[in-house]
$ cat data02.pdb   # PDB, C-alpha atoms
ATOM      1  CA  MET A  24      64.867 101.000 -62.855
ATOM      2  CA  ARG A  25      66.184  99.627 -59.571
ATOM      3  CA  HIS A  26      66.614  95.858 -59.597
ATOM      4  CA  GLU A  27      66.032  93.581 -56.623
ATOM      5  CA  LEU A  28      69.296  92.593 -54.955
ATOM      6  CA  ILE A  29      70.533  89.114 -55.822
ATOM      7  CA  PHE A  30      72.462  89.050 -52.537
ATOM      8  CA  ARG A  31      74.026  91.455 -50.060
ATOM      9  CA  GLY A  32      77.331  90.616 -48.426
ATOM     10  CA  ALA A  33      79.691  87.859 -49.539
ATOM     11  CA  ALA A  34      79.270  85.296 -52.302
ATOM     12  CA  THR A  35      81.912  82.624 -52.681
ATOM     13  CA  ALA A  36      83.330  82.068 -56.140
ATOM     14  CA  LEU A  37      83.430  78.367 -55.363
ATOM     15  CA  ILE A  38      86.130  75.972 -56.509
ATOM     16  CA  THR A  39      85.065  72.868 -58.440
ATOM     17  CA  PRO A  40      86.646  69.809 -56.775
ATOM     18  CA  THR A  41      88.144  67.519 -59.392
ATOM     19  CA  THR A  42      90.242  64.387 -59.586
ATOM     20  CA  ALA A  43      91.969  62.691 -62.495
ATOM     21  CA  ALA A  44      88.680  60.836 -63.029
ATOM     22  CA  GLY A  45      86.526  63.970 -63.296
ATOM     23  CA  VAL A  46      84.435  66.243 -61.087
ATOM     24  CA  ASP A  47      84.263  65.087 -57.461
ATOM     25  CA  TYR A  48      80.540  65.579 -56.855
ATOM     26  CA  PRO A  49      80.502  64.296 -53.241
ATOM     27  CA  ALA A  50      83.223  66.834 -52.388
ATOM     28  CA  LEU A  51      81.257  69.553 -54.175
ATOM     29  CA  LYS A  52      78.183  68.795 -52.090
ATOM     30  CA  ARG A  53      80.200  68.858 -48.852
ATOM     31  CA  LEU A  54      81.699  72.200 -49.815
ATOM     32  CA  ILE A  55      78.300  73.722 -50.558
ATOM     33  CA  ASP A  56      76.865  72.494 -47.258
ATOM     34  CA  TRP A  57      79.882  73.826 -45.326
ATOM     35  CA  GLN A  58      79.715  77.220 -47.014
ATOM     36  CA  ILE A  59      76.036  77.546 -46.169
ATOM     37  CA  ASP A  60      76.591  76.378 -42.583
ATOM     38  CA  GLU A  61      79.297  79.066 -42.283
ATOM     39  CA  GLY A  62      76.759  81.735 -43.227
ATOM     40  CA  ILE A  63      77.751  82.611 -46.785
ATOM     41  CA  ASN A  64      75.231  84.858 -48.550
ATOM     42  CA  ALA A  65      75.408  83.302 -52.042
ATOM     43  CA  LEU A  66      77.469  80.904 -54.158
ATOM     44  CA  VAL A  67      78.924  81.417 -57.626
ATOM     45  CA  ILE A  68      79.297  78.126 -59.482
ATOM     46  CA  CYS A  69      81.480  77.452 -62.547
ATOM     47  CA  GLY A  70      83.117  80.853 -62.557
ATOM     48  CA  THR A  71      86.829  81.535 -62.958
ATOM     49  CA  THR A  72      87.617  80.022 -59.558
ATOM     50  CA  GLY A  73      85.413  77.054 -60.438
ATOM     51  CA  GLU A  74      87.512  76.346 -63.555
ATOM     52  CA  GLY A  75      84.464  76.759 -65.739
ATOM     53  CA  SER A  76      86.661  77.295 -68.789
ATOM     54  CA  THR A  77      88.042  73.736 -68.617
ATOM     55  CA  LEU A  78      84.852  71.906 -67.671
ATOM     56  CA  SER A  79      83.214  70.060 -70.519
ATOM     57  CA  ASP A  80      79.743  71.250 -71.484
ATOM     58  CA  ALA A  81      78.210  68.180 -69.825
ATOM     59  CA  GLU A  82      80.226  68.740 -66.640
ATOM     60  CA  HIS A  83      79.370  72.434 -66.555
ATOM     61  CA  ARG A  84      75.662  71.665 -66.717
ATOM     62  CA  GLU A  85      75.850  68.842 -64.168
ATOM     63  CA  VAL A  86      77.831  70.958 -61.672
ATOM     64  CA  LEU A  87      75.137  73.648 -61.911
ATOM     65  CA  ARG A  88      72.375  71.086 -61.474
ATOM     66  CA  VAL A  89      74.042  69.496 -58.443
ATOM     67  CA  ALA A  90      74.680  72.902 -56.873
ATOM     68  CA  VAL A  91      71.033  73.916 -57.194
ATOM     69  CA  GLU A  92      69.882  70.564 -55.819
ATOM     70  CA  THR A  93      72.319  70.680 -52.892
ATOM     71  CA  ALA A  94      71.664  74.300 -51.925
ATOM     72  CA  ALA A  95      67.920  73.597 -52.042
ATOM     73  CA  GLY A  96      67.006  77.272 -51.866
ATOM     74  CA  ARG A  97      69.119  78.045 -48.794
ATOM     75  CA  VAL A  98      71.246  80.625 -50.630
ATOM     76  CA  PRO A  99      71.149  82.046 -54.162
ATOM     77  CA  ILE A 100      73.061  80.011 -56.739
ATOM     78  CA  ILE A 101      74.726  82.188 -59.362
ATOM     79  CA  ALA A 102      75.824  80.330 -62.485
ATOM     80  CA  GLY A 103      78.888  81.271 -64.485
ATOM     81  CA  THR A 104      77.594  81.246 -68.057
ATOM     82  CA  GLY A 105      79.857  83.719 -69.825
ATOM     83  CA  SER A 106      81.818  82.864 -72.950
ATOM     84  CA  ASN A 107      83.634  84.534 -75.824
ATOM     85  CA  ASP A 108      81.009  82.822 -77.996
ATOM     86  CA  THR A 109      77.755  84.694 -77.353
ATOM     87  CA  ALA A 110      75.658  81.889 -78.837
ATOM     88  CA  TYR A 111      77.161  79.407 -76.356
ATOM     89  CA  ALA A 112      76.693  81.852 -73.487
ATOM     90  CA  ILE A 113      73.023  82.051 -74.432
ATOM     91  CA  GLU A 114      72.726  78.234 -74.450
ATOM     92  CA  LEU A 115      74.327  77.949 -71.006
ATOM     93  CA  THR A 116      72.234  80.813 -69.670
ATOM     94  CA  LYS A 117      69.004  79.176 -70.808
ATOM     95  CA  TYR A 118      70.086  75.885 -69.234
ATOM     96  CA  ALA A 119      70.999  77.556 -65.932
ATOM     97  CA  CYS A 120      67.650  79.326 -65.796
ATOM     98  CA  ASP A 121      65.797  76.077 -66.453
ATOM     99  CA  ALA A 122      67.937  74.258 -63.866
ATOM    100  CA  GLY A 123      66.814  76.653 -61.140
ATOM    101  CA  CYS A 124      69.831  78.923 -60.769
ATOM    102  CA  ASP A 125      68.921  82.276 -59.258
ATOM    103  CA  ALA A 126      71.183  84.498 -61.364
ATOM    104  CA  LEU A 127      73.927  84.404 -64.006
ATOM    105  CA  LEU A 128      77.498  85.711 -63.920
ATOM    106  CA  CYS A 129      78.625  86.642 -67.434
ATOM    107  CA  VAL A 130      82.243  87.578 -68.041
ATOM    108  CA  THR A 131      83.144  89.903 -70.884
ATOM    109  CA  PRO A 132      84.018  88.012 -74.078
ATOM    110  CA  TYR A 133      87.690  87.092 -73.867
ATOM    111  CA  TYR A 134      90.270  86.760 -76.635
ATOM    112  CA  ASN A 135      88.096  88.343 -79.354
ATOM    113  CA  LYS A 136      88.207  91.661 -77.398
ATOM    114  CA  ALA A 137      84.822  93.124 -78.280
ATOM    115  CA  THR A 138      84.326  96.857 -78.746
ATOM    116  CA  GLN A 139      82.013  98.683 -76.344
ATOM    117  CA  LYS A 140      79.324  98.431 -79.043
ATOM    118  CA  GLY A 141      79.974  94.688 -79.212
ATOM    119  CA  LEU A 142      79.706  94.364 -75.423
ATOM    120  CA  ILE A 143      76.328  96.076 -75.458
ATOM    121  CA  ALA A 144      75.092  93.834 -78.270
ATOM    122  CA  SER A 145      76.425  90.633 -76.681
ATOM    123  CA  TYR A 146      75.130  91.316 -73.183
ATOM    124  CA  THR A 147      71.771  92.460 -74.537
ATOM    125  CA  ALA A 148      71.403  89.212 -76.497
ATOM    126  CA  ILE A 149      72.201  87.131 -73.390
ATOM    127  CA  ALA A 150      69.883  89.162 -71.168
ATOM    128  CA  ASP A 151      67.084  88.917 -73.731
ATOM    129  CA  ALA A 152      67.402  85.123 -73.642
ATOM    130  CA  SER A 153      67.464  84.918 -69.849
ATOM    131  CA  THR A 154      64.618  84.616 -67.381
ATOM    132  CA  LYS A 155      66.917  85.393 -64.423
ATOM    133  CA  PRO A 156      69.018  88.464 -63.530
ATOM    134  CA  LEU A 157      72.508  88.913 -64.946
ATOM    135  CA  ILE A 158      75.665  90.069 -63.207
ATOM    136  CA  LEU A 159      78.135  91.598 -65.654
ATOM    137  CA  TYR A 160      81.693  90.494 -64.872
ATOM    138  CA  ASN A 161      84.474  92.902 -65.743
ATOM    139  CA  VAL A 162      88.005  91.521 -65.345
ATOM    140  CA  PRO A 163      90.201  93.122 -68.026
ATOM    141  CA  SER A 164      93.396  91.531 -66.682
ATOM    142  CA  ARG A 165      92.025  88.210 -67.946
ATOM    143  CA  THR A 166      89.867  89.199 -70.904
ATOM    144  CA  GLY A 167      91.716  92.099 -72.503
ATOM    145  CA  VAL A 168      88.639  94.337 -72.554
ATOM    146  CA  ASN A 169      87.201  96.796 -70.031
ATOM    147  CA  ILE A 170      83.546  97.730 -69.653
ATOM    148  CA  GLU A 171      83.490 101.525 -69.695
ATOM    149  CA  PRO A 172      81.201 103.489 -67.350
ATOM    150  CA  ALA A 173      79.066 104.767 -70.232
ATOM    151  CA  THR A 174      78.608 101.176 -71.418
ATOM    152  CA  TYR A 175      77.435 100.145 -67.957
ATOM    153  CA  ALA A 176      74.970 103.024 -68.024
ATOM    154  CA  GLU A 177      73.509 101.788 -71.290
ATOM    155  CA  LEU A 178      73.339  98.149 -70.175
ATOM    156  CA  ALA A 179      71.767  99.096 -66.831
ATOM    157  CA  LYS A 180      68.600 100.020 -68.726
ATOM    158  CA  HIS A 181      67.934  96.340 -69.485
ATOM    159  CA  PRO A 182      65.339  94.830 -67.121
ATOM    160  CA  ARG A 183      67.425  91.693 -66.468
ATOM    161  CA  ILE A 184      70.869  93.269 -66.075
ATOM    162  CA  ALA A 185      70.882  93.648 -62.313
ATOM    163  CA  ALA A 186      74.462  93.882 -61.087
ATOM    164  CA  ILE A 187      78.169  94.289 -61.797
ATOM    165  CA  LYS A 188      81.136  92.289 -60.564
ATOM    166  CA  GLU A 189      83.917  94.821 -60.902
ATOM    167  CA  ALA A 190      87.520  93.610 -60.958
ATOM    168  CA  ASN A 191      89.256  96.240 -63.043
ATOM    169  CA  SER A 192      91.278  97.563 -60.048
ATOM    170  CA  ASN A 193      90.737 101.131 -61.233
ATOM    171  CA  ILE A 194      88.955 102.835 -58.347
ATOM    172  CA  SER A 195      88.524 106.046 -60.333
ATOM    173  CA  LYS A 196      86.600 104.158 -63.041
ATOM    174  CA  ILE A 197      84.544 102.370 -60.376
ATOM    175  CA  VAL A 198      83.632 105.720 -58.768
ATOM    176  CA  GLU A 199      82.550 106.986 -62.185
ATOM    177  CA  THR A 200      80.505 103.849 -62.786
ATOM    178  CA  ALA A 201      78.864 104.079 -59.353
ATOM    179  CA  ALA A 202      77.876 107.678 -60.006
ATOM    180  CA  LEU A 203      76.147 106.574 -63.208
ATOM    181  CA  VAL A 204      74.476 103.303 -62.271
ATOM    182  CA  ARG A 205      74.355 102.481 -58.566
ATOM    183  CA  ASP A 206      70.747 103.661 -58.319
ATOM    184  CA  GLN A 207      69.902 101.078 -60.998
ATOM    185  CA  VAL A 208      72.218  98.072 -60.500
ATOM    186  CA  ALA A 209      74.214  96.597 -57.619
ATOM    187  CA  ILE A 210      78.003  96.757 -57.646
ATOM    188  CA  TYR A 211      80.026  93.892 -56.162
ATOM    189  CA  SER A 212      83.760  93.863 -55.633
ATOM    190  CA  GLY A 213      85.554  91.242 -57.673
ATOM    191  CA  ASN A 214      88.810  91.689 -55.750
ATOM    192  CA  ASP A 215      89.282  90.591 -52.148
ATOM    193  CA  ASP A 216      91.799  93.359 -51.462
ATOM    194  CA  GLU A 217      89.255  96.034 -52.455
ATOM    195  CA  ILE A 218      86.136  95.009 -50.548
ATOM    196  CA  VAL A 219      85.939  98.048 -48.257
ATOM    197  CA  PRO A 220      86.866 100.577 -50.978
ATOM    198  CA  ILE A 221      84.110  99.281 -53.256
ATOM    199  CA  LEU A 222      81.595  99.173 -50.394
ATOM    200  CA  ALA A 223      82.507 102.809 -49.844
ATOM    201  CA  CYS A 224      81.525 103.459 -53.480
ATOM    202  CA  GLY A 225      78.062 102.134 -52.698
ATOM    203  CA  GLY A 226      78.866  98.474 -53.329
ATOM    204  CA  GLN A 227      76.624  95.743 -52.011
ATOM    205  CA  GLY A 228      79.284  93.128 -51.279
ATOM    206  CA  VAL A 229      81.933  90.922 -52.821
ATOM    207  CA  ILE A 230      82.202  87.877 -55.047
ATOM    208  CA  SER A 231      85.132  86.369 -53.222
ATOM    209  CA  VAL A 232      87.954  83.871 -53.542
ATOM    210  CA  LEU A 233      88.990  84.428 -49.909
ATOM    211  CA  SER A 234      85.609  83.171 -48.705
ATOM    212  CA  ASN A 235      86.424  79.700 -50.018
ATOM    213  CA  VAL A 236      88.704  79.351 -46.977
ATOM    214  CA  ALA A 237      87.163  82.006 -44.691
ATOM    215  CA  PRO A 238      83.458  82.329 -45.488
ATOM    216  CA  ARG A 239      82.258  83.427 -42.060
ATOM    217  CA  GLU A 240      84.974  86.055 -41.774
ATOM    218  CA  THR A 241      84.318  87.487 -45.248
ATOM    219  CA  VAL A 242      80.628  87.787 -44.439
ATOM    220  CA  GLU A 243      81.526  89.480 -41.156
ATOM    221  CA  LEU A 244      83.747  91.996 -42.957
ATOM    222  CA  CYS A 245      80.784  93.068 -45.084
ATOM    223  CA  ASP A 246      78.368  93.013 -42.157
ATOM    224  CA  ARG A 247      80.617  95.299 -40.129
ATOM    225  CA  TYR A 248      80.617  97.824 -42.934
ATOM    226  CA  PHE A 249      76.844  97.644 -43.357
ATOM    227  CA  ARG A 250      76.396  98.157 -39.589
ATOM    228  CA  GLY A 251      78.415 101.351 -39.869
ATOM    229  CA  ASP A 252      81.558  99.891 -38.310
ATOM    230  CA  VAL A 253      83.912 101.008 -41.061
ATOM    231  CA  ALA A 254      86.953 100.774 -38.800
ATOM    232  CA  GLY A 255      86.023  97.200 -37.899
ATOM    233  CA  ALA A 256      85.595  96.296 -41.560
ATOM    234  CA  MET A 257      88.987  97.808 -42.331
ATOM    235  CA  GLU A 258      90.492  95.818 -39.470
ATOM    236  CA  LEU A 259      89.376  92.581 -41.131
ATOM    237  CA  GLN A 260      90.396  93.834 -44.598
ATOM    238  CA  ALA A 261      93.913  94.447 -43.254
ATOM    239  CA  LYS A 262      94.018  91.224 -41.216
ATOM    240  CA  TYR A 263      93.338  89.049 -44.253
ATOM    241  CA  LEU A 264      95.386  91.071 -46.765
ATOM    242  CA  PRO A 265      98.538  88.902 -46.481
ATOM    243  CA  LEU A 266      96.453  85.772 -47.097
ATOM    244  CA  VAL A 267      94.669  87.426 -50.011
ATOM    245  CA  ARG A 268      98.059  88.211 -51.517
ATOM    246  CA  SER A 269      99.018  84.537 -51.222
ATOM    247  CA  LEU A 270      95.721  83.478 -52.796
ATOM    248  CA  PHE A 271      96.654  85.564 -55.836
ATOM    249  CA  CYS A 272     100.438  85.102 -55.914
ATOM    250  CA  GLU A 273      99.841  82.618 -58.744
ATOM    251  CA  VAL A 274      96.924  82.698 -61.126
ATOM    252  CA  ASN A 275      93.564  81.949 -59.510
ATOM    253  CA  PRO A 276      92.471  79.204 -58.728
ATOM    254  CA  ILE A 277      95.904  77.573 -58.329
ATOM    255  CA  PRO A 278      96.480  78.827 -54.747
ATOM    256  CA  VAL A 279      92.930  78.422 -53.467
ATOM    257  CA  LYS A 280      92.793  74.843 -54.759
ATOM    258  CA  ALA A 281      95.964  74.106 -52.751
ATOM    259  CA  ALA A 282      94.459  75.841 -49.720
ATOM    260  CA  MET A 283      91.209  73.879 -49.883
ATOM    261  CA  ALA A 284      93.135  70.642 -50.305
ATOM    262  CA  ALA A 285      95.175  71.484 -47.199
ATOM    263  CA  MET A 286      91.895  72.016 -45.329
ATOM    264  CA  GLY A 287      90.777  68.532 -46.394
ATOM    265  CA  PHE A 288      87.966  69.531 -48.746
ATOM    266  CA  CYS A 289      89.331  68.226 -52.037
ATOM    267  CA  GLU A 290      92.316  66.942 -53.949
ATOM    268  CA  ASN A 291      94.847  69.494 -55.139
ATOM    269  CA  HIS A 292      93.939  68.683 -58.721
ATOM    270  CA  LEU A 293      93.842  71.243 -61.541
ATOM    271  CA  ARG A 294      93.247  70.903 -65.248
ATOM    272  CA  LEU A 295      95.865  71.987 -67.736
ATOM    273  CA  PRO A 296      96.997  74.597 -68.544
ATOM    274  CA  LEU A 297      96.882  75.191 -64.764
ATOM    275  CA  THR A 298      99.477  73.358 -62.681
ATOM    276  CA  PRO A 299      99.928  72.906 -58.900
ATOM    277  CA  MET A 300     101.228  75.747 -56.749
ATOM    278  CA  ASP A 301     104.938  76.314 -56.261
ATOM    279  CA  ALA A 302     106.025  74.674 -52.994
ATOM    280  CA  ASP A 303     107.554  77.847 -51.519
ATOM    281  CA  HIS A 304     104.477  79.897 -52.345
ATOM    282  CA  CYS A 305     102.284  77.186 -50.837
ATOM    283  CA  GLU A 306     104.220  77.108 -47.575
ATOM    284  CA  THR A 307     103.919  80.881 -47.232
ATOM    285  CA  MET A 308     100.183  80.664 -47.900
ATOM    286  CA  LEU A 309      99.696  77.894 -45.330
ATOM    287  CA  ARG A 310     101.636  79.908 -42.773
ATOM    288  CA  ARG A 311      99.384  82.893 -43.428
ATOM    289  CA  MET A 312      96.290  80.703 -43.125
ATOM    290  CA  ARG A 313      97.471  79.468 -39.731
ATOM    291  CA  ALA A 314      98.170  83.058 -38.659
ATOM    292  CA  VAL A 315      94.487  83.962 -39.074
ATOM    293  CA  GLY A 316      93.262  80.805 -37.367
ATOM    294  CA  ILE A 317      92.515  78.541 -40.340
ATOM    295  CA  ALA A 318      93.369  74.943 -39.487
ATOM    296  CA  VAL A 319      95.636  73.288 -42.052
TER     297      VAL A 319
END

$ encode --input "data02.pdb" --output "structure tokens"
Amino acid sequence: MRHELIFRGAATALITPTTAAGVDYPALKRLIDWQIDEGINALVICGTTGEGSTLSDAEHREVLRVAVETAAGRVPIIAGTGSNDTAYAIELTKYACDAGCDALLCVTPYYNKATQKGLIASYTAIADASTKPLILYNVPSRTGVNIEPATYAELAKHPRIAAIKEANSNISKIVETAALVRDQVAIYSGNDDEIVPILACGGQGVISVLSNVAPRETVELCDRYFRGDVAGAMELQAKYLPLVRSLFCEVNPIPVKAAMAAMGFCENHLRLPLTPMDADHCETMLRRMRAVGIAV
């Protein structure tokens, strides 16, 4: 079955502003309003970039609630509810559905390294418990497990598994997956340096870190491709590639937190085990931001 698109274009994997005292909810609301004003197509809340793994359960739920309330239906809110504990992922998923989130982003179970059979069982259990569509999130560099194309094909049969965020950096595998499932589920790039290649595989957009600092431009990159201006999309892909490299020169979200702080949106505060960006790396990133017209 073909699922309705959750979004088309660019969704920001939004940072969660924090201070030593906790989540900075006023800053979060300002960020959401700015992203929407800039034309972003959707927002992912409490994902990897949002430091969901170090939010307390109460914070995680409150950040989702505040995001839904602030967005007020202007763009889809996609909640990060994945966990290596399937039972907890189900609890968070049920909460996010009840809180009014439009979809769920569920990363593969990390650390325990499930088999493909285990992935099918875990994702099926989460999808069965959900009333909203799921995006499967494949990022083996972080989790130690890859969703294989045949596994995607099996999971795509579920009525609430609607999309894939693919960040395995293996274009050959992504082509194989697209051949099997793109008539059933949407594919989104999970890597900002691969937006155009994955659109060329039939992708419907990107879940982006870059769009934290350049939302309008990331949307425009996708729009150019969808309008048939592949050369124009590639022009933007190349223009922002040096900045993308800076945004990932240290583990995400260390650089993007520093970038957003430099733009005045939040404190440059991270929770351990993450620590602030190296000063030399930060200066290079800020220089690259200025080069593409971002005021810092």

$ resolve_selection --input "data02.pdb" --expression "the PyMOL selection byres ((chain A and resi 71) around 12)" --output "NGL selection string"
:A and (35-39 or 67-70 or 72-78 or 102-106 or 128-130 or 160-162 or 165-166 or 213 or 230-232 or 274-277 or 279)

$ atom_distance --input "data02.pdb" --atom1 "CA of Pro156 (chain A)" --atom2 "CA of Pro40 (chain A)"
26.5 Å

$ resolve_selection --input "data02.pdb" --expression "the PyMOL selection byres ((chain A and resi 118) around 12)" --output "VMD selection string"
chain A and resid 80 to 81 83 to 88 102 to 104 111 to 117 119 to 127 152 to 155

$ write_last_selection --input "data02.pdb" --atoms "C-alpha atoms" --output "mmCIF file, keeping the file's coordinate frame"
data_model
loop_
_atom_site.group_PDB
_atom_site.id
_atom_site.type_symbol
_atom_site.label_atom_id
_atom_site.label_comp_id
_atom_site.auth_asym_id
_atom_site.auth_seq_id
_atom_site.Cartn_x
_atom_site.Cartn_y
_atom_site.Cartn_z
ATOM 1 C CA ASP A 80 79.743 71.250 -71.484
ATOM 2 C CA ALA A 81 78.210 68.180 -69.825
ATOM 3 C CA HIS A 83 79.370 72.434 -66.555
ATOM 4 C CA ARG A 84 75.662 71.665 -66.717
ATOM 5 C CA GLU A 85 75.850 68.842 -64.168
ATOM 6 C CA VAL A 86 77.831 70.958 -61.672
ATOM 7 C CA LEU A 87 75.137 73.648 -61.911
ATOM 8 C CA ARG A 88 72.375 71.086 -61.474
ATOM 9 C CA ALA A 102 75.824 80.330 -62.485
ATOM 10 C CA GLY A 103 78.888 81.271 -64.485
ATOM 11 C CA THR A 104 77.594 81.246 -68.057
ATOM 12 C CA TYR A 111 77.161 79.407 -76.356
ATOM 13 C CA ALA A 112 76.693 81.852 -73.487
ATOM 14 C CA ILE A 113 73.023 82.051 -74.432
ATOM 15 C CA GLU A 114 72.726 78.234 -74.450
ATOM 16 C CA LEU A 115 74.327 77.949 -71.006
ATOM 17 C CA THR A 116 72.234 80.813 -69.670
ATOM 18 C CA LYS A 117 69.004 79.176 -70.808
ATOM 19 C CA ALA A 119 70.999 77.556 -65.932
ATOM 20 C CA CYS A 120 67.650 79.326 -65.796
ATOM 21 C CA ASP A 121 65.797 76.077 -66.453
ATOM 22 C CA ALA A 122 67.937 74.258 -63.866
ATOM 23 C CA GLY A 123 66.814 76.653 -61.140
ATOM 24 C CA CYS A 124 69.831 78.923 -60.769
ATOM 25 C CA ASP A 125 68.921 82.276 -59.258
ATOM 26 C CA ALA A 126 71.183 84.498 -61.364
ATOM 27 C CA LEU A 127 73.927 84.404 -64.006
ATOM 28 C CA ALA A 152 67.402 85.123 -73.642
ATOM 29 C CA SER A 153 67.464 84.918 -69.849
ATOM 30 C CA THR A 154 64.618 84.616 -67.381
ATOM 31 C CA LYS A 155 66.917 85.393 -64.423
#

$ closest_residue --input "data02.pdb" --among "A:Ala223, A:Ala44, A:Val242, A:Ala282" --to "Asn64 (chain A)" --atoms "only C-alpha atoms"
A:Val242

$ closest_residue --input "data02.pdb" --among "A:Val89, A:Tyr175, A:Ala185, A:Leu66" --to "Pro49 (chain A)" --atoms "all atoms listed in the file"
A:Val89

$ atom_distance --input "data02.pdb" --atom1 "CA of Pro99 (chain A)" --atom2 "CA of Ile63 (chain A)"
9.9 Å

$ closest_residue --input "data02.pdb" --among "A:Cys289, A:Ala302, A:Val315, A:Cys272" --to "Ala50 (chain A)" --atoms "only C-alpha atoms"
A:Cys289

$ closest_residue --input "data02.pdb" --among "A:Leu157, A:Ala176, A:Ala34, A:Pro182" --to "Asn214 (chain A)" --atoms "all atoms listed in the file"
A:Ala34

$ residues_around --input "data02.pdb" --residues "Val267 (chain A)" --least-positions-apart "5" --cutoff "12 Å" --atoms "only C-alpha atoms" --output "ChimeraX atom specification"
/A:214-218,231-237,241,259-262,272-273,275,278-279,282,307-309,311-312,315

$ atom_distance --input "data02.pdb" --atom1 "CA of Gln139 (chain A)" --atom2 "CA of Thr174 (chain A)"
6.5 Å

$ closest_residue --input "data02.pdb" --among "A:Asp246, A:Glu240, A:Asp303, A:Glu290" --to "Ser269 (chain A)" --atoms "all atoms listed in the file"
A:Asp303

$ closest_residue --input "data02.pdb" --among "A:Ile221, A:Ala186, A:Ile197, A:Ala33" --to "Leu159 (chain A)" --atoms "all atoms listed in the file"
A:Ala186

$ residues_near_point --input "data02.pdb" --point "(81.1, 89.4, -74.2)" --cutoff "9 Å" --atoms "all atoms listed in the file" --output "PyMOL selection string"
chain A and resi 105-109+112+129-133+135-137+141-146

$ axis_aligned_box --input "data02.pdb" --around "region 293-307 of chain A" --padding-each-side "3 Å" --output "JSON"
{"center_x": 100.4, "center_y": 75.9, "center_z": -57.9, "size_x": 20.3, "size_y": 16.0, "size_z": 27.3}

$ decode --input "data02.pdb" --residues "region 103-116 of chain A" --atoms "N, CA and C atoms" --output "compact mmCIF listing (two decimals), in the first residue's frame"
# COMPACT_ATOMS: atom_id res chain seq x y z
N GLY A 103 10.77 12.02 18.01
CA GLY A 103 11.75 10.95 18.18
C GLY A 103 11.34 10.08 19.35
N THR A 104 10.97 8.84 19.07
CA THR A 104 10.51 7.94 20.14
C THR A 104 11.25 6.61 20.14
N GLY A 105 12.33 6.51 19.39
CA GLY A 105 13.06 5.26 19.33
C GLY A 105 13.88 5.00 20.58
N SER A 106 14.18 3.73 20.81
CA SER A 106 14.96 3.33 21.98
C SER A 106 15.51 1.94 21.73
N ASN A 107 16.56 1.56 22.48
CA ASN A 107 16.99 0.17 22.42
C ASN A 107 16.13 -0.72 23.31
N ASP A 108 15.21 -0.12 24.02
CA ASP A 108 14.23 -0.84 24.84
C ASP A 108 12.87 -0.68 24.14
N THR A 109 12.42 -1.73 23.47
CA THR A 109 11.19 -1.62 22.68
C THR A 109 10.00 -1.23 23.54
N ALA A 110 9.94 -1.73 24.77
CA ALA A 110 8.82 -1.40 25.64
C ALA A 110 8.78 0.10 25.92
N TYR A 111 9.96 0.72 26.12
CA TYR A 111 10.00 2.16 26.36
C TYR A 111 9.65 2.92 25.10
N ALA A 112 10.12 2.44 23.96
CA ALA A 112 9.76 3.08 22.69
C ALA A 112 8.25 3.07 22.49
N ILE A 113 7.61 1.99 22.87
CA ILE A 113 6.15 1.92 22.76
C ILE A 113 5.49 2.93 23.69
N GLU A 114 5.99 3.06 24.92
CA GLU A 114 5.43 4.05 25.86
C GLU A 114 5.54 5.46 25.29
N LEU A 115 6.72 5.81 24.80
CA LEU A 115 6.94 7.15 24.25
C LEU A 115 6.09 7.38 23.01
N THR A 116 5.97 6.36 22.19
CA THR A 116 5.16 6.46 20.97
C THR A 116 3.70 6.72 21.32
